[in-house]
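Participant: Have a peek at final.csv (CSV, C-alpha atoms).
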```csv
chain,number,residue,atom,x,y,z
A,1,MET,CA,39.0,-113.6,28.6
A,2,PHE,CA,38.1,-110.2,27.2
A,3,ASP,CA,34.8,-110.1,29.1
A,4,GLU,CA,36.7,-110.9,32.3
A,5,ILE,CA,39.1,-108.0,31.7
A,6,ILE,CA,36.4,-105.4,31.0
A,7,SER,CA,34.0,-106.5,33.7
A,8,PHE,CA,33.1,-103.8,36.3
A,9,PRO,CA,34.5,-105.9,39.3
A,10,SER,CA,37.8,-106.4,37.4
A,11,LEU,CA,38.1,-102.6,36.5
A,12,LEU,CA,37.2,-101.7,40.1
A,13,ALA,CA,39.9,-104.0,41.5
A,14,ALA,CA,42.3,-102.7,38.9
A,15,TYR,CA,41.5,-99.1,40.0
A,16,GLN,CA,42.2,-100.0,43.6
A,17,ARG,CA,45.6,-101.5,42.7
A,18,ALA,CA,46.5,-98.5,40.4
A,19,ARG,CA,46.0,-96.0,43.2
A,20,ARG,CA,48.2,-97.8,45.8
A,21,GLY,CA,50.9,-95.4,46.9
A,22,ASN,CA,49.2,-92.6,44.8
A,23,ARG,CA,46.0,-92.2,46.7
A,24,PHE,CA,46.4,-88.5,47.4
A,25,LYS,CA,48.0,-87.5,44.1
A,26,TYR,CA,45.9,-85.1,42.1
A,27,TYR,CA,45.3,-87.4,39.2
A,28,SER,CA,44.1,-90.2,41.5
A,29,CYS,CA,41.8,-87.8,43.4
A,30,ALA,CA,40.4,-86.5,40.1
A,31,PHE,CA,39.6,-90.0,39.0
A,32,ASP,CA,38.2,-90.9,42.4
A,33,PHE,CA,35.9,-87.9,42.4
A,34,ASN,CA,33.9,-89.5,39.5
A,35,MET,CA,35.1,-93.0,40.0
A,36,GLU,CA,31.9,-94.8,39.0
A,37,ASP,CA,31.3,-92.7,35.9
A,38,GLU,CA,35.0,-93.1,34.9
A,39,LEU,CA,34.9,-96.9,35.3
A,40,PHE,CA,31.6,-97.2,33.4
A,41,ARG,CA,33.0,-95.0,30.6
A,42,LEU,CA,36.1,-97.2,30.4
A,43,HIS,CA,33.9,-100.3,30.3
A,44,GLN,CA,31.9,-99.0,27.4
A,45,GLU,CA,35.0,-97.9,25.4
A,46,LEU,CA,36.6,-101.3,25.9
A,47,ARG,CA,33.3,-103.2,25.2
A,48,TRP,CA,32.8,-101.3,21.9
A,49,GLN,CA,36.5,-101.4,21.1
A,50,SER,CA,36.8,-97.6,20.8
A,51,TYR,CA,39.3,-97.3,23.7
A,52,GLN,CA,42.4,-95.3,22.9
A,53,PRO,CA,45.2,-94.5,25.4
A,54,LYS,CA,45.6,-90.9,26.4
A,55,PRO,CA,48.9,-89.1,25.8
A,56,TYR,CA,51.8,-90.0,28.1
A,57,SER,CA,53.4,-87.5,30.4
A,58,TYR,CA,57.1,-87.3,29.5
A,59,PHE,CA,59.8,-86.5,32.0
A,60,ILE,CA,63.4,-87.4,32.9
A,61,ILE,CA,64.5,-88.9,36.3
A,62,THR,CA,68.2,-88.9,37.4
A,63,TYR,CA,68.1,-91.4,40.4
A,64,PRO,CA,69.7,-93.9,40.5
A,65,LYS,CA,70.6,-93.0,36.9
A,66,GLN,CA,69.1,-90.9,34.1
A,67,ARG,CA,66.0,-92.5,32.6
A,68,HIS,CA,63.4,-91.1,30.1
A,69,ILE,CA,60.0,-91.9,31.5
A,70,ALA,CA,56.7,-91.8,29.6
A,71,ALA,CA,54.0,-92.1,32.3
A,72,PRO,CA,50.5,-93.2,31.3
A,73,HIS,CA,47.3,-91.4,32.2
A,74,PHE,CA,45.7,-92.7,35.4
A,75,ARG,CA,42.7,-94.2,33.5
A,76,ASP,CA,45.2,-96.1,31.2
A,77,ARG,CA,46.9,-97.4,34.4
A,78,VAL,CA,43.6,-98.9,35.4
A,79,VAL,CA,43.2,-100.6,32.1
A,80,GLN,CA,46.7,-102.0,32.3
A,81,GLN,CA,46.1,-103.3,35.8
A,82,ALA,CA,43.0,-105.1,34.6
A,83,VAL,CA,44.8,-106.6,31.6
A,84,VAL,CA,47.9,-107.7,33.5
A,85,GLY,CA,45.7,-109.2,36.3
A,86,VAL,CA,44.1,-111.6,33.8
A,87,ILE,CA,46.9,-112.4,31.3
A,88,GLU,CA,49.9,-112.6,33.6
A,89,PRO,CA,49.2,-116.1,34.9
A,90,LEU,CA,49.1,-117.4,31.3
A,91,PHE,CA,52.7,-116.2,30.7
A,92,GLU,CA,53.9,-117.0,34.2
A,93,LYS,CA,53.6,-120.7,33.5
A,94,SER,CA,56.2,-120.5,30.8
A,95,PHE,CA,58.8,-118.4,32.7
A,96,ILE,CA,61.8,-120.2,34.1
A,97,ASN,CA,62.4,-120.0,37.9
A,98,ASP,CA,65.4,-117.8,37.6
A,99,THR,CA,63.8,-114.7,36.1
A,100,TYR,CA,63.4,-112.4,39.0
A,101,ALA,CA,62.2,-108.9,38.1
A,102,CYS,CA,58.5,-107.9,38.3
A,103,ARG,CA,57.3,-111.3,39.5
A,104,LYS,CA,55.3,-112.2,42.6
A,105,GLU,CA,57.4,-113.5,45.5
A,106,LYS,CA,60.6,-112.8,43.6
A,107,GLY,CA,62.7,-109.7,43.3
A,108,VAL,CA,66.0,-108.4,44.6
A,109,LEU,CA,66.3,-110.5,47.7
A,110,TYR,CA,65.3,-113.7,46.0
A,111,ALA,CA,67.7,-112.9,43.1
A,112,MET,CA,70.6,-112.4,45.6
A,113,LYS,CA,69.9,-115.6,47.5
A,114,ARG,CA,69.6,-117.6,44.3
A,115,LEU,CA,73.0,-116.3,43.1
A,116,GLN,CA,74.6,-117.3,46.4
A,117,LYS,CA,73.0,-120.7,46.1
A,118,PHE,CA,74.5,-121.1,42.6
A,119,LEU,CA,77.9,-120.0,43.9
A,120,ARG,CA,77.8,-122.6,46.6
A,121,ALA,CA,76.6,-125.3,44.2
A,122,SER,CA,79.3,-124.6,41.6
A,123,LYS,CA,82.0,-124.5,44.3
A,124,ALA,CA,80.9,-127.9,45.6
A,125,ALA,CA,80.8,-129.3,42.0
A,126,TYR,CA,84.3,-127.9,41.2
A,127,PRO,CA,86.1,-127.6,44.5
A,128,ASP,CA,89.6,-127.5,42.9
A,129,GLN,CA,88.9,-125.2,40.0
A,130,PRO,CA,88.6,-121.5,39.8
A,131,LEU,CA,85.0,-120.4,38.8
A,132,TYR,CA,84.1,-117.6,36.5
A,133,VAL,CA,80.9,-115.6,35.9
A,134,LEU,CA,79.8,-114.0,32.6
A,135,GLN,CA,77.8,-110.9,33.2
A,136,SER,CA,76.1,-108.7,30.6
A,137,ASP,CA,73.0,-106.7,29.8
A,138,ILE,CA,71.2,-105.7,26.6
A,139,TYR,CA,72.0,-102.5,24.9
A,140,HIS,CA,69.1,-100.0,25.3
A,141,PHE,CA,66.7,-102.8,25.9
A,142,PHE,CA,63.3,-101.1,26.4
A,143,GLN,CA,63.8,-98.6,23.5
A,144,THR,CA,64.8,-101.3,21.0
A,145,VAL,CA,62.1,-104.0,21.6
A,146,SER,CA,60.5,-104.8,18.3
A,147,TRP,CA,56.7,-104.5,18.3
A,148,ASP,CA,56.3,-107.1,15.6
A,149,VAL,CA,58.4,-109.7,17.4
A,150,LEU,CA,56.6,-108.9,20.7
A,151,LEU,CA,53.1,-109.2,19.2
A,152,GLU,CA,54.1,-112.5,17.6
A,153,LEU,CA,55.2,-113.8,21.0
A,154,ILE,CA,52.0,-112.6,22.6
A,155,CYS,CA,49.7,-114.2,20.0
A,156,HIS,CA,51.2,-117.6,20.9
A,157,LYS,CA,49.5,-117.4,24.3
A,158,ILE,CA,46.6,-114.9,23.7
A,159,THR,CA,44.1,-116.6,21.4
A,160,CYS,CA,41.2,-114.2,22.2
A,161,PRO,CA,41.0,-111.8,19.2
A,162,ARG,CA,39.6,-108.9,21.2
A,163,THR,CA,42.2,-109.2,24.0
A,164,PHE,CA,45.0,-109.3,21.4
A,165,ARG,CA,43.6,-106.2,19.7
A,166,LEU,CA,43.6,-104.4,23.0
A,167,LEU,CA,47.2,-105.5,23.7
A,168,LYS,CA,48.2,-104.3,20.2
A,169,THR,CA,46.6,-100.9,20.9
A,170,ILE,CA,48.7,-100.6,24.1
A,171,VAL,CA,51.9,-101.6,22.4
A,172,THR,CA,51.6,-99.5,19.3
A,173,THR,CA,49.7,-96.3,20.4
A,174,HIS,CA,51.9,-93.6,21.7
A,175,ARG,CA,51.2,-89.8,22.1
A,176,THR,CA,53.0,-87.5,24.4
A,177,ILE,CA,52.5,-84.3,26.3
A,178,GLY,CA,55.3,-82.2,27.8
A,179,LYS,CA,55.7,-80.4,31.1
A,180,TYR,CA,53.0,-77.9,30.5
A,181,GLY,CA,50.5,-80.2,28.9
A,182,ARG,CA,51.4,-79.4,25.3
A,183,PRO,CA,51.6,-82.2,22.7
A,184,ILE,CA,55.2,-83.0,21.8
A,185,PRO,CA,56.7,-85.7,19.5
A,186,ILE,CA,57.5,-88.8,21.5
A,187,PRO,CA,61.3,-88.9,22.0
A,188,GLU,CA,63.1,-91.7,20.2
A,189,VAL,CA,64.8,-92.6,23.5
A,190,VAL,CA,61.4,-93.9,24.6
A,191,VAL,CA,59.9,-95.4,21.4
A,192,THR,CA,60.5,-95.1,17.7
A,193,PRO,CA,57.1,-95.5,15.9
A,194,LEU,CA,58.5,-95.4,12.4
A,195,ALA,CA,60.8,-98.3,13.2
A,196,ARG,CA,58.0,-100.0,15.3
A,197,ARG,CA,60.3,-100.2,18.4
A,198,GLY,CA,60.3,-99.4,22.0
A,199,LEU,CA,58.3,-99.9,25.2
A,200,PRO,CA,57.7,-97.0,27.6
A,201,ILE,CA,59.2,-97.7,31.0
A,202,GLY,CA,56.3,-96.2,32.8
A,203,ASN,CA,53.8,-98.8,31.6
A,204,LEU,CA,52.8,-101.7,33.9
A,205,THR,CA,52.4,-103.8,30.8
A,206,SER,CA,56.0,-103.0,29.7
A,207,GLN,CA,57.3,-105.0,32.7
A,208,LEU,CA,55.3,-108.0,31.8
A,209,PHE,CA,56.1,-107.7,28.1
A,210,ALA,CA,59.9,-107.4,28.9
A,211,ASN,CA,59.7,-110.8,30.6
A,212,VAL,CA,57.7,-112.3,27.7
A,213,TYR,CA,60.3,-111.0,25.3
A,214,LEU,CA,63.3,-112.2,27.1
A,215,ASN,CA,61.7,-115.5,28.1
A,216,GLU,CA,63.0,-116.6,24.6
A,217,LEU,CA,66.5,-115.8,25.7
A,218,ASP,CA,66.0,-117.7,29.0
A,219,HIS,CA,64.9,-120.8,27.3
A,220,PHE,CA,67.7,-120.6,24.7
A,221,ILE,CA,70.3,-120.4,27.5
A,222,LYS,CA,68.7,-123.1,29.7
A,223,ASP,CA,67.4,-125.5,27.0
A,224,THR,CA,69.7,-125.1,24.0
A,225,LEU,CA,72.9,-124.1,25.7
A,226,ALA,CA,72.1,-126.2,28.8
A,227,GLU,CA,73.7,-123.7,31.2
A,228,GLN,CA,73.1,-124.8,34.8
A,229,TRP,CA,73.8,-121.7,36.8
A,230,TYR,CA,72.0,-118.8,35.1
A,231,GLY,CA,69.9,-116.0,36.4
A,232,ARG,CA,68.3,-112.8,34.9
A,233,TYR,CA,67.0,-109.6,36.5
A,234,MET,CA,65.2,-107.7,33.7
A,235,ASP,CA,67.9,-107.3,31.1
A,236,ASP,CA,70.9,-108.0,33.3
A,237,PHE,CA,72.0,-111.7,33.4
A,238,TYR,CA,74.8,-113.9,34.6
A,239,ILE,CA,76.2,-117.4,33.8
A,240,ILE,CA,78.6,-119.3,36.1
A,241,HIS,CA,81.0,-121.8,34.7
A,242,PRO,CA,84.5,-123.2,35.5
A,243,ASP,CA,85.8,-122.7,31.9
A,244,LYS,CA,86.5,-119.1,30.9
A,245,ASP,CA,86.8,-119.9,27.2
A,246,HIS,CA,83.4,-121.6,27.3
A,247,LEU,CA,81.8,-118.4,28.7
A,248,ALA,CA,83.4,-116.4,25.8
A,249,GLN,CA,81.9,-118.8,23.3
A,250,VAL,CA,78.5,-118.7,25.1
A,251,ARG,CA,78.6,-114.9,24.9
A,252,ASN,CA,79.0,-115.0,21.1
A,253,GLN,CA,76.1,-117.5,20.8
A,254,ILE,CA,73.9,-115.3,22.9
A,255,ASN,CA,74.7,-112.2,20.9
A,256,GLU,CA,73.9,-114.1,17.7
A,257,PHE,CA,70.6,-115.3,19.0
A,258,LEU,CA,69.6,-111.9,20.2
A,259,ASN,CA,70.5,-110.4,16.8
A,260,THR,CA,68.7,-113.0,14.7
A,261,LYS,CA,65.6,-113.8,16.8
A,262,LEU,CA,64.9,-110.8,19.0
A,263,SER,CA,66.5,-107.9,17.1
A,264,LEU,CA,68.6,-107.0,20.1
A,265,THR,CA,72.3,-106.8,20.9
A,266,LEU,CA,74.5,-107.1,24.0
A,267,HIS,CA,75.9,-103.9,25.5
A,268,PRO,CA,79.3,-103.5,23.9
A,269,ARG,CA,80.9,-102.2,27.1
A,270,LYS,CA,79.1,-104.4,29.6
A,271,GLN,CA,80.3,-107.9,28.8
A,272,THR,CA,82.6,-109.1,31.6
A,273,VAL,CA,84.0,-112.4,32.7
A,274,LEU,CA,85.1,-112.2,36.3
A,275,ARG,CA,86.4,-114.6,39.0
A,276,CYS,CA,83.6,-115.7,41.3
A,277,SER,CA,86.1,-115.5,44.2
A,278,ASP,CA,86.2,-111.7,43.8
A,279,GLY,CA,82.4,-111.6,44.4
A,280,VAL,CA,79.6,-111.2,41.8
A,281,PRO,CA,78.0,-107.7,41.7
A,282,PHE,CA,74.3,-108.2,41.2
A,283,VAL,CA,71.1,-106.4,42.2
A,284,GLY,CA,72.9,-103.9,44.5
A,285,TYR,CA,75.1,-106.5,46.4
A,286,ARG,CA,78.4,-108.1,45.9
A,287,VAL,CA,77.7,-111.8,46.4
A,288,PHE,CA,80.2,-114.4,47.6
A,289,HIS,CA,79.5,-118.1,48.3
A,290,ASP,CA,79.8,-117.5,52.1
A,291,HIS,CA,78.9,-113.9,52.6
A,292,VAL,CA,77.2,-110.9,51.0
A,293,MET,CA,78.4,-107.3,50.9
A,294,VAL,CA,76.7,-104.1,49.8
A,295,ARG,CA,78.2,-102.6,46.6
A,296,ALA,CA,80.1,-99.4,47.2
A,297,ASN,CA,78.3,-97.4,44.5
A,298,THR,CA,74.9,-98.6,45.8
A,299,LEU,CA,75.8,-97.3,49.3
A,300,GLN,CA,77.1,-94.0,47.9
A,301,ARG,CA,73.8,-93.5,46.1
A,302,PHE,CA,71.8,-94.2,49.3
A,303,LEU,CA,73.9,-91.9,51.4
A,304,LYS,CA,73.6,-89.1,48.8
A,305,ARG,CA,69.9,-89.5,48.6
A,306,PHE,CA,69.6,-89.5,52.4
A,307,ALA,CA,71.7,-86.3,52.7
A,308,GLN,CA,69.6,-84.6,50.1
A,309,ALA,CA,66.4,-85.7,51.9
A,310,ARG,CA,67.7,-84.4,55.2
A,311,ARG,CA,68.6,-81.0,53.8
A,312,LYS,CA,65.0,-80.8,52.4
A,313,ALA,CA,63.6,-81.7,55.8
A,314,ARG,CA,65.6,-78.9,57.5
A,315,ARG,CA,64.1,-76.4,55.0
A,316,GLY,CA,60.7,-77.8,55.7
A,317,GLU,CA,60.2,-79.2,52.2
A,318,LEU,CA,60.0,-82.8,53.6
A,319,SER,CA,58.3,-84.2,56.6
A,320,GLU,CA,60.0,-86.3,59.3
A,321,GLU,CA,57.9,-89.3,58.2
A,322,GLU,CA,59.1,-89.0,54.6
A,323,LEU,CA,62.7,-88.7,55.8
A,324,ASP,CA,62.3,-91.9,57.9
A,325,LYS,CA,61.1,-93.7,54.8
A,326,VAL,CA,64.3,-92.8,53.0
A,327,SER,CA,66.3,-93.9,56.0
A,328,HIS,CA,64.4,-97.2,56.3
A,329,SER,CA,64.9,-98.0,52.6
A,330,LEU,CA,68.6,-98.0,53.2
A,331,ASP,CA,68.3,-100.1,56.4
A,332,SER,CA,66.1,-102.7,54.6
A,333,HIS,CA,68.8,-103.1,51.9
A,334,LEU,CA,71.7,-103.4,54.3
A,335,ILE,CA,70.0,-105.8,56.7
A,336,HIS,CA,70.2,-108.6,54.1
A,337,ALA,CA,73.9,-108.3,53.8
A,338,ASP,CA,76.7,-109.0,56.3
A,339,SER,CA,76.8,-105.4,57.3
A,340,TYR,CA,76.5,-105.2,61.1
A,341,ARG,CA,79.5,-102.9,61.6
A,342,LEU,CA,78.5,-100.8,58.6
A,343,ARG,CA,75.0,-100.3,60.0
A,344,GLN,CA,76.6,-99.2,63.4
A,345,GLU,CA,78.7,-96.7,61.6
A,346,LEU,CA,75.8,-95.4,59.7
A,347,GLU,CA,73.8,-94.9,62.8
A,348,LYS,CA,76.7,-92.9,64.3
A,349,TRP,CA,76.8,-90.8,61.1
A,350,ARG,CA,73.1,-90.0,61.4
A,351,ARG,CA,73.3,-89.0,65.0
A,352,CYS,CA,76.4,-86.8,64.8
A,353,ASN,CA,75.0,-85.0,61.7
A,354,CYS,CA,78.3,-85.2,59.7
A,355,THR,CA,79.4,-86.9,56.5
A,356,PRO,CA,82.8,-88.5,57.0
A,357,LEU,CA,81.5,-92.0,56.2
A,358,GLN,CA,80.3,-90.9,52.8
A,359,ASP,CA,83.8,-89.6,51.9
A,360,SER,CA,85.4,-92.8,53.0
A,361,VAL,CA,83.2,-95.2,51.0
```
Using structure tokens, write down the structure from this file.
Facilitator:
Amino acid sequence: MFDEIISFPSLLAAYQRARRGNRFKYYSCAFDFNMEDELFRLHQELRWQSYQPKPYSYFIITYPKQRHIAAPHFRDRVVQQAVVGVIEPLFEKSFINDTYACRKEKGVLYAMKRLQKFLRASKAAYPDQPLYVLQSDIYHFFQTVSWDVLLELICHKITCPRTFRLLKTIVTTHRTIGKYGRPIPIPEVVVTPLARRGLPIGNLTSQLFANVYLNELDHFIKDTLAEQWYGRYMDDFYIIHPDKDHLAQVRNQINEFLNTKLSLTLHPRKQTVLRCSDGVPFVGYRVFHDHVMVRANTLQRFLKRFAQARRKARRGELSEEELDKVSHSLDSHLIHADSYRLRQELEKWRRCNCTPLQDSV
């Protein structure tokens, strides 16, 4: 396995995946200028087990909400692409079907359609009873993941000592540079080395490790609690059931399992039990058994982002092509909902260059 990861064809394919969408960024161009030397150097470091990740670039993003990002160096992205390309199929076999985030041929659209399928199935099974949905997420999930628990879960699948040593290096090695390239202590909102907790959101491996970590929760809910209508997108999950008291009991069982087995806890303010007839908010939509609507706050964010992009385009800070990409991202989200009239109104709003619709949402 390790030889497959560090082989030159594997590193070359990983490099090509890592630069997708970033081909003309300065760090991608700098690596590309000496691509062969860089890949051979990586190969040698990995082969002799002297590889150490370079410092992360730390910054904060505010869209769609504030997140603290530690972005890895480009050469480390290449290594992570090579690692994930080999080990992901091993873990994929153990994942349940209804885990949607960061998986091939799954994602937001698949998650939305599965939820609607569950709503229809539950309504058919209990036609004369009101249905309820428990929704919750995990409190500060990425920054509270235990390294020791994660590495124990990984070693169940990865039996190659050299591969496991490389994964351990990626999980536990964290240095950071700030805005001007100066070394800074890594913020505790990203990882806490002394407590051996946290996964940087910017790592490709963090996406896979998140699914590996919460796969234990998935199997607890599906196998032990035997919940039929369950789905999870990253750390957000839902359970549909006709008994409201049953969902309250399940919520307590889940919280106890997270505390004892995974050193996690449910978010104290995001544990809701709602009527399914009011629609289930999930992955940017409000899903009903017979139709789908776009969530109001999702639409507001899209409109605000488009208005900001248009102002930048007027000042010459953004090209028309980039402005079209922002517009198309909204259209691609709306087209999967029952939003024909909304899309017509949006088109009028774009043409008349005014913002009444944003104020009315």
Participant: Using all atoms listed in the file, which protein or nucleic acid residues come within 9 Å of Thr192 in chain A? Drop anything in the same chain fewer than 6 positions from it, and give the result as JSON, numbers by chain.
Facilitator: {"A": [143, 144, 186, 198]}
Participant: Around the point (77.3, -97.2, 23.8), in the coordinates given by the file, pick out the residues reaching within 9 Å, counting only C-alpha atoms, and return them as a short mmCIF file (atom, residue, chain, number, x, y, z; two decimals) with C-alpha atoms, in the frame of the given file.
Facilitator:
```cif
data_model
loop_
_atom_site.label_atom_id
_atom_site.label_comp_id
_atom_site.auth_asym_id
_atom_site.auth_seq_id
_atom_site.Cartn_x
_atom_site.Cartn_y
_atom_site.Cartn_z
CA TYR A 139 72.00 -102.50 24.90
CA HIS A 140 69.10 -100.00 25.30
CA HIS A 267 75.90 -103.90 25.50
CA PRO A 268 79.30 -103.50 23.90
CA ARG A 269 80.90 -102.20 27.10
#
```
Participant: Near range 226-238 of chain A, within 9 Å and counting all atoms listed in the file, which residues show up once chain neighbours fewer than 5 positions away are dropped, as a ChimeraX atom specification?
Facilitator: /A:97-102,107-108,111,114-115,118-119,121-122,133-139,141,207,210-211,214,218,220-221,282-283
Participant: For CA of Phe209 in chain A and CA of Phe8 in chain A, quote the distance in Å rounded to one decimal.
Facilitator: 24.7 Å
Participant: As a list of chain:residue names, please: the residues near Trp147 in chain A (cut-off 10 Å, only C-alpha atoms, same-chain neighbours under 2 positions excluded).
Facilitator: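 The residues satisfying every condition are A:Thr144, A:Val145, A:Val149, A:Leu150, A:Leu151, A:Glu152, A:Leu153, A:Lys168, A:Val171, A:Thr172, A:Pro193, A:Ala195, A:Arg196, A:Arg197, A:Gly198, A:Leu199.
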Participant: Those residues you just picked out, can you put them in a file as a JSON list (two decimals), in the coordinates of the input with C-alpha atoms?
Facilitator:
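Output (part34.json):
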```json
[["chain", "number", "residue", "atom", "x", "y", "z"],
["A", 144, "THR", "CA", 64.80, -101.30, 21.00],
["A", 145, "VAL", "CA", 62.10, -104.00, 21.60],
["A", 149, "VAL", "CA", 58.40, -109.70, 17.40],
["A", 150, "LEU", "CA", 56.60, -108.90, 20.70],
["A", 151, "LEU", "CA", 53.10, -109.20, 19.20],
["A", 152, "GLU", "CA", 54.10, -112.50, 17.60],
["A", 153, "LEU", "CA", 55.20, -113.80, 21.00],
["A", 168, "LYS", "CA", 48.20, -104.30, 20.20],
["A", 171, "VAL", "CA", 51.90, -101.60, 22.40],
["A", 172, "THR", "CA", 51.60, -99.50, 19.30],
["A", 193, "PRO", "CA", 57.10, -95.50, 15.90],
["A", 195, "ALA", "CA", 60.80, -98.30, 13.20],
["A", 196, "ARG", "CA", 58.00, -100.00, 15.30],
["A", 197, "ARG", "CA", 60.30, -100.20, 18.40],
["A", 198, "GLY", "CA", 60.30, -99.40, 22.00],
["A", 199, "LEU", "CA", 58.30, -99.90, 25.20]]
```
Participant: Set the distance at 12 Å and use all atoms listed in the file: which residues neighbour Gln344 in chain A once local chain neighbours fewer than 4 positions away are removed? I'd like the list as a list of chain:residue names.
Facilitator: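 Using all atoms listed in the file, the neighbours found are A:Asp331, A:Leu334, A:Ile335, A:Ser339, A:Tyr340, A:Lys348, A:Trp349, A:Arg350, A:Arg351, A:Leu357.
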Participant: Quick one: of A:Phe288, A:Tyr15, A:Trp48, A:Tyr26, who's nearest to Phe2 in chain A, counting all atoms listed in the file?
Facilitator: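 Of A:Phe288, A:Tyr15, A:Trp48, A:Tyr26, the one nearest Phe2 in chain A, counting all atoms listed in the file, is A:Trp48.
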Participant: What's the separation between CA of Lys261 in chain A and CA of Arg165 in chain A, in Å to one decimal place?
Facilitator: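 About the pair CA of Lys261 in chain A and CA of Arg165 in chain A: they are 23.5 Å apart.
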Participant: For Ala70 in chain A, work out the shell of residues within 8 Å, counting all atoms listed in the file and skipping chain neighbours fewer than 6 positions away, then give it as a PyMOL selection string.
Facilitator: chain A and resi 56-59+176+190+200-203
Participant: What is the CA of Asp243 in chain A-CA of Cys276 in chain A distance in Å, reported with one decimal?
Facilitator: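 Calculated distance between CA of Asp243 in chain A and CA of Cys276 in chain A is 11.9 Å.
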Participant: Taking all atoms listed in the file into account, name the residue in A:Arg301, A:His219, A:Lys270, A:Arg286 that is nearest to Phe95 in chain A.
Facilitator: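 Using all atoms listed in the file, the shortest distance to Phe95 in chain A belongs to A:His219.
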Participant: I need the residue nearest Ile96 in chain A from this list: A:Gln49, A:Asn215, A:Asn297, A:Gln16. Use all atoms listed in the file for the distance.
Facilitator: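 The shortest atom-to-atom distance to Ile96 in chain A comes from A:Asn215.
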Participant: Have a look at A:Ile69, A:Met112, A:Met1, A:Leu318 and name the one nearest to Val84 in chain A; count all atoms listed in the file.
Facilitator: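 Selected residue with least distance to Val84 in chain A: A:Met1.
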Participant: Just checking: using all atoms listed in the file, which residue out of A:Asp37, A:Val189, A:Tyr285, A:Ile5 ends up closest to Gln66 in chain A?
Facilitator: A:Val189
